[in-house]
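This is work_14.txt (compact mmCIF, C-alpha atoms).
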# COMPACT_ATOMS: atom_id res chain seq x y z
CA TYR B 123 17.16 133.08 116.38
CA LEU B 124 17.64 131.09 113.21
CA PRO B 125 18.90 127.53 113.62
CA LEU B 126 20.22 125.68 110.61
CA SER B 127 17.80 123.16 109.13
CA GLY B 128 18.35 119.64 107.86
CA ASP B 129 18.25 121.04 104.33
CA ASP B 130 21.02 123.52 105.22
CA LEU B 131 23.20 120.73 106.57
CA GLN B 132 22.50 118.59 103.51
CA LEU B 133 23.54 121.45 101.22
CA TRP B 134 26.64 121.93 103.37
CA ASP B 135 27.60 118.28 102.79
CA GLU B 136 26.66 118.09 99.11
CA ASP B 137 27.88 121.50 97.89
CA PRO B 138 30.14 123.14 100.48
CA GLU B 139 31.19 125.99 98.22
CA GLY B 140 27.59 126.70 97.21
CA TYR B 141 26.58 126.68 100.86
CA ALA B 142 29.43 129.00 101.88
CA PHE B 143 28.69 131.55 99.18
CA GLU B 144 24.90 131.48 99.46
CA GLU B 145 25.07 134.11 102.19
CA GLY B 146 26.58 136.95 100.20
CA GLY B 147 25.29 139.74 98.00
CA ASP B 148 21.58 140.03 97.39
CA SER B 149 20.80 136.55 98.71
CA TRP B 150 18.51 138.12 101.31
CA ARG B 151 16.09 138.84 98.48
CA TYR B 152 15.90 135.26 97.24
CA SER B 153 16.80 132.91 100.09
CA TRP B 154 14.94 132.19 103.29
CA ARG B 155 17.81 132.38 105.82
CA PRO B 156 19.38 135.67 104.66
CA CYS B 157 15.90 137.18 104.45
CA CYS B 158 15.16 136.15 108.04
CA GLU B 159 18.51 137.55 109.14
CA THR B 160 17.61 140.88 107.56
CA VAL B 161 14.24 140.86 109.35
CA PHE B 162 15.97 139.97 112.63
CA LEU B 163 18.41 142.85 112.25
CA THR B 164 15.61 145.29 111.40
CA LEU B 165 13.65 144.18 114.48
CA PHE B 166 16.80 144.33 116.61
CA HIS B 167 17.44 147.93 115.57
CA GLU B 168 13.84 148.86 116.32
CA TYR B 169 13.66 147.08 119.71
CA ARG B 170 17.30 147.20 120.73
CA GLU B 171 16.64 148.06 124.37
CA SER B 172 14.55 144.94 124.90
CA LEU B 173 16.43 142.53 122.66
CA ALA B 174 20.02 143.43 123.58
CA SER B 175 19.70 142.19 127.15
CA LEU B 176 18.01 139.00 125.94
CA LEU B 177 20.78 138.32 123.45
CA VAL B 178 23.52 139.02 126.01
CA SER B 179 21.78 136.63 128.39
CA LEU B 180 21.67 133.94 125.71
CA VAL B 181 25.41 134.37 125.13
CA ARG B 182 26.17 134.12 128.84
CA ASN B 183 24.08 130.97 129.16
CA ASN B 184 25.52 129.33 126.04
CA HIS B 185 29.17 130.41 125.90
CA ALA B 186 30.74 127.15 127.06
CA PRO B 187 31.45 124.36 124.57
CA VAL B 188 28.60 121.87 124.28
CA ASP B 189 28.57 118.10 123.83
CA PRO B 190 29.53 117.46 120.19
CA ALA B 191 26.94 114.67 120.05
CA ASN B 192 24.13 117.11 120.96
CA LEU B 193 23.20 118.50 117.55
CA THR B 194 20.30 120.49 119.01
CA ALA B 195 22.65 122.36 121.37
CA ILE B 196 25.12 122.94 118.52
CA LEU B 197 22.40 124.39 116.28
CA GLN B 198 21.15 126.59 119.11
CA LYS B 199 24.66 127.90 119.76
CA ASP B 200 25.11 128.57 116.03
CA ALA B 201 21.87 130.56 115.91
CA ILE B 202 22.80 132.60 118.99
CA TYR B 203 26.28 133.35 117.65
CA ASN B 204 24.73 134.29 114.31
CA ALA B 205 22.44 136.81 116.02
CA VAL B 206 25.36 138.24 118.03
CA GLY B 207 27.42 138.64 114.87
CA LEU B 208 24.60 140.28 112.95
CA ALA B 209 24.01 142.76 115.78
CA ALA B 210 27.70 143.30 116.59
CA PHE B 211 27.65 147.07 116.16
CA ASP B 212 24.59 147.36 118.40
CA LEU B 213 26.12 145.12 121.08
CA TYR B 214 29.42 147.00 121.23
CA ASP B 215 28.90 148.17 124.81
CA GLU B 216 27.06 145.05 125.94
CA ILE B 217 29.60 142.28 125.24
CA ASP B 218 33.22 142.09 126.37
CA PHE B 219 34.44 140.53 123.13
CA ASP B 220 38.09 140.36 124.19
CA SER B 221 37.20 138.24 127.20
CA TRP B 222 34.81 136.06 125.18
CA LEU B 223 37.49 135.57 122.52
CA THR B 224 40.21 134.48 124.93
CA SER B 225 38.01 132.27 127.07
CA SER B 226 35.18 130.53 125.24
CA LEU B 227 35.62 131.17 121.52
CA SER B 228 39.23 129.99 121.45
CA LEU B 229 38.19 126.73 123.15
CA GLU B 230 35.40 126.13 120.67
CA LEU B 231 37.75 126.32 117.71
CA GLY B 232 39.69 123.45 119.29
CA VAL B 233 36.78 120.99 119.35
CA ASN B 234 37.47 118.72 116.38
CA ASP B 235 34.29 116.64 116.29
CA SER B 236 32.51 116.55 112.93
CA ASN B 237 29.28 118.02 114.33
CA TYR B 238 31.27 120.88 115.87
CA ARG B 239 32.27 122.10 112.40
CA ILE B 240 29.01 124.07 112.59
CA VAL B 241 30.25 126.00 115.63
CA ARG B 242 33.83 126.33 114.30
CA ARG B 243 32.47 127.90 111.10
CA ARG B 244 30.25 130.27 113.05
CA VAL B 245 33.08 131.26 115.40
CA CYS B 246 35.32 132.06 112.40
CA TRP B 247 32.55 134.21 110.95
CA LEU B 248 31.98 135.83 114.34
CA LEU B 249 35.67 136.72 114.63
CA GLY B 250 35.44 138.47 111.27
CA GLN B 251 32.27 140.30 112.28
CA TRP B 252 33.62 141.54 115.62
CA SER B 253 37.22 142.26 114.57
CA GLY B 254 36.22 145.63 113.15
CA VAL B 255 33.80 146.40 115.94
CA LYS B 256 35.57 145.71 119.21
CA LEU B 257 38.91 143.93 119.35
CA SER B 258 41.93 145.13 121.28
CA PRO B 259 44.94 145.65 119.01
CA GLU B 260 47.08 143.47 121.26
CA LEU B 261 44.73 140.52 120.58
CA ARG B 262 45.16 140.64 116.80
CA PRO B 263 48.12 138.20 116.84
CA ARG B 264 46.03 135.83 118.97
CA LEU B 265 43.19 136.11 116.46
CA TYR B 266 45.55 135.14 113.63
CA GLU B 267 46.78 132.19 115.70
CA MET B 268 43.20 131.06 116.21
CA LEU B 269 42.25 131.31 112.53
CA MET B 270 45.35 129.71 111.00
CA PRO B 271 44.54 126.11 112.05
CA MET B 272 41.07 126.56 110.55
CA LEU B 273 42.71 126.98 107.12
CA THR B 274 44.39 123.56 106.98
CA ASN B 275 43.37 120.91 104.45
CA SER B 276 42.18 118.61 107.21
CA GLU B 277 39.46 121.11 108.19
CA ASP B 278 35.97 121.05 106.70
CA LEU B 279 35.79 123.13 103.49
CA VAL B 280 32.99 125.41 104.75
CA VAL B 281 34.99 126.12 107.91
CA ARG B 282 38.10 126.86 105.82
CA LEU B 283 36.17 129.28 103.63
CA ALA B 284 34.71 131.04 106.69
CA ALA B 285 38.19 131.27 108.23
CA ALA B 286 39.60 132.68 104.97
CA LYS B 287 36.86 135.32 104.82
CA ALA B 288 37.45 136.21 108.46
CA MET B 289 41.20 136.44 107.92
CA LYS B 290 40.63 138.76 104.95
CA VAL B 291 38.34 141.00 107.01
CA VAL B 292 40.81 141.10 109.90
CA ILE B 293 43.77 141.90 107.64
CA ASP B 294 41.92 144.57 105.67

If you took the structure in this file and wrote it as structure tokens, what would it be?
Amino acid sequence: YLPLSGDDLQLWDEDPEGYAFEEGGDSWRYSWRPCCETVFLTLFHEYRESLASLLVSLVRNNHAPVDPANLTAILQKDAIYNAVGLAAFDLYDEIDFDSWLTSSLSLELGVNDSNYRIVRRRVCWLLGQWSGVKLSPELRPRLYEMLMPMLTNSEDLVVRLAAAKAMKVVID
């Protein structure tokens, strides 16, 4: 998995818009993190049978909210959720996303600690990733209800941008 580094968090604080948009387009050709994500996904496709069960196990062991003061646990959760989002299409049959959404993910969006912005951003992104993969139609209104508070001015800008992107994906 790919935990955020101190440099990533510094960029997040100093240039939130730059940080939020660094992940798009051809950034995998020029930036370390998107390149590693591309390598991860290539390896996951090649060794899906071995890696899928490992990733599902990591989700099961790390689905509950963590102590907001434990930055290491937050970064680990972010990396695991990133991997699950990247491999969403391959994990379709492995993860009960509806259950995860209504139990753990909804709780994590409610943790308002500053450190937890990392997880809130990743959960917004994850909702966008999985909405087109495996989401019951009856949960769409719940998804909108979960994303709307992430769009308020009091929320961190990177989280708001991730929520806006997710909302766009869900609506489209």

- Message: Please determine, counting all atoms listed in the file, which residue among B:Asp218, B:Asp212, B:Glu260, B:Asp129 has the shortest atom-to-atom distance to Thr164 (chain B).
- Response: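 For Thr164 (chain B), the nearest of the given residues is B:Asp212.
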
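Among the candidates B:Leu279, B:Leu273, B:Leu265, B:Ala209, the residue lying nearest to Ile293 (chain B) is B:Leu265 (atoms considered: all atoms listed in the file).
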
- Message: Using all atoms listed in the file, which protein or nucleic acid residues come within 12 Å of Tyr238 (chain B)? Drop anything in the same chain fewer than 6 positions from it, and give the result as number ranges by chain.
- Response: B: 187-197, 199-200, 229-232, 244-245, 277-278, 281

- Query: CA of Leu269 (chain B) and CA of Arg242 (chain B), how far apart in Å?
  - Reply: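 These two atoms are separated by 9.9 Å.
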
- Task: May I have the protein, DNA and RNA residues with any atom at most 12 Å from the point (31.1, 142.8, 113.9), counting only C-alpha atoms, written as a ChimeraX atom specification?
- Result: /B:203-214,217,219,245-257,288,291-292

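CA of Arg262 (chain B) lies 15.5 Å from CA of Lys287 (chain B).
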
- Item | Pairwise distance for CA of Arg239 (chain B) and CA of Tyr141 (chain B), rounded to one decimal in Å |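 These atoms are spaced 13.7 Å apart.
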
- B:Ile202, B:Cys157, B:Leu163, B:Leu131 ranked by distance to Ser179 (chain B), top pick (using only C-alpha atoms):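 Closest to Ser179 (chain B), using only C-alpha atoms: B:Ile202.
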
- Item | Among the residues B:Ala142, B:Glu216, B:Met268, B:Asn275, the one that comes closest to Leu177 (chain B) [using all atoms listed in the file] | B:Glu216

Please enclose the listed atoms of region 214-218 of chain B in an axis-aligned box, pad each side by 4 Å, and write out the centre and the three edge lengths in Å, rounded to one decimal, as lines of an AutoDock Vina configuration file.
center_x = 30.1
center_y = 145.1
center_z = 123.8
size_x = 14.2
size_y = 14.1
size_z = 13.1

- In terms of the shortest atom-to-atom distance over all atoms listed in the file, which of B:Arg170, B:Ser276, B:Glu159, B:Leu223 is closest to Ala186 (chain B)? B:Leu223

- Selected residue of minimal separation from Val241 (chain B) among B:Ser258, B:Met272, B:Glu139, B:Asp220, counting only C-alpha atoms: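 Using only C-alpha atoms, Val241 (chain B) sits closest to B:Met272.
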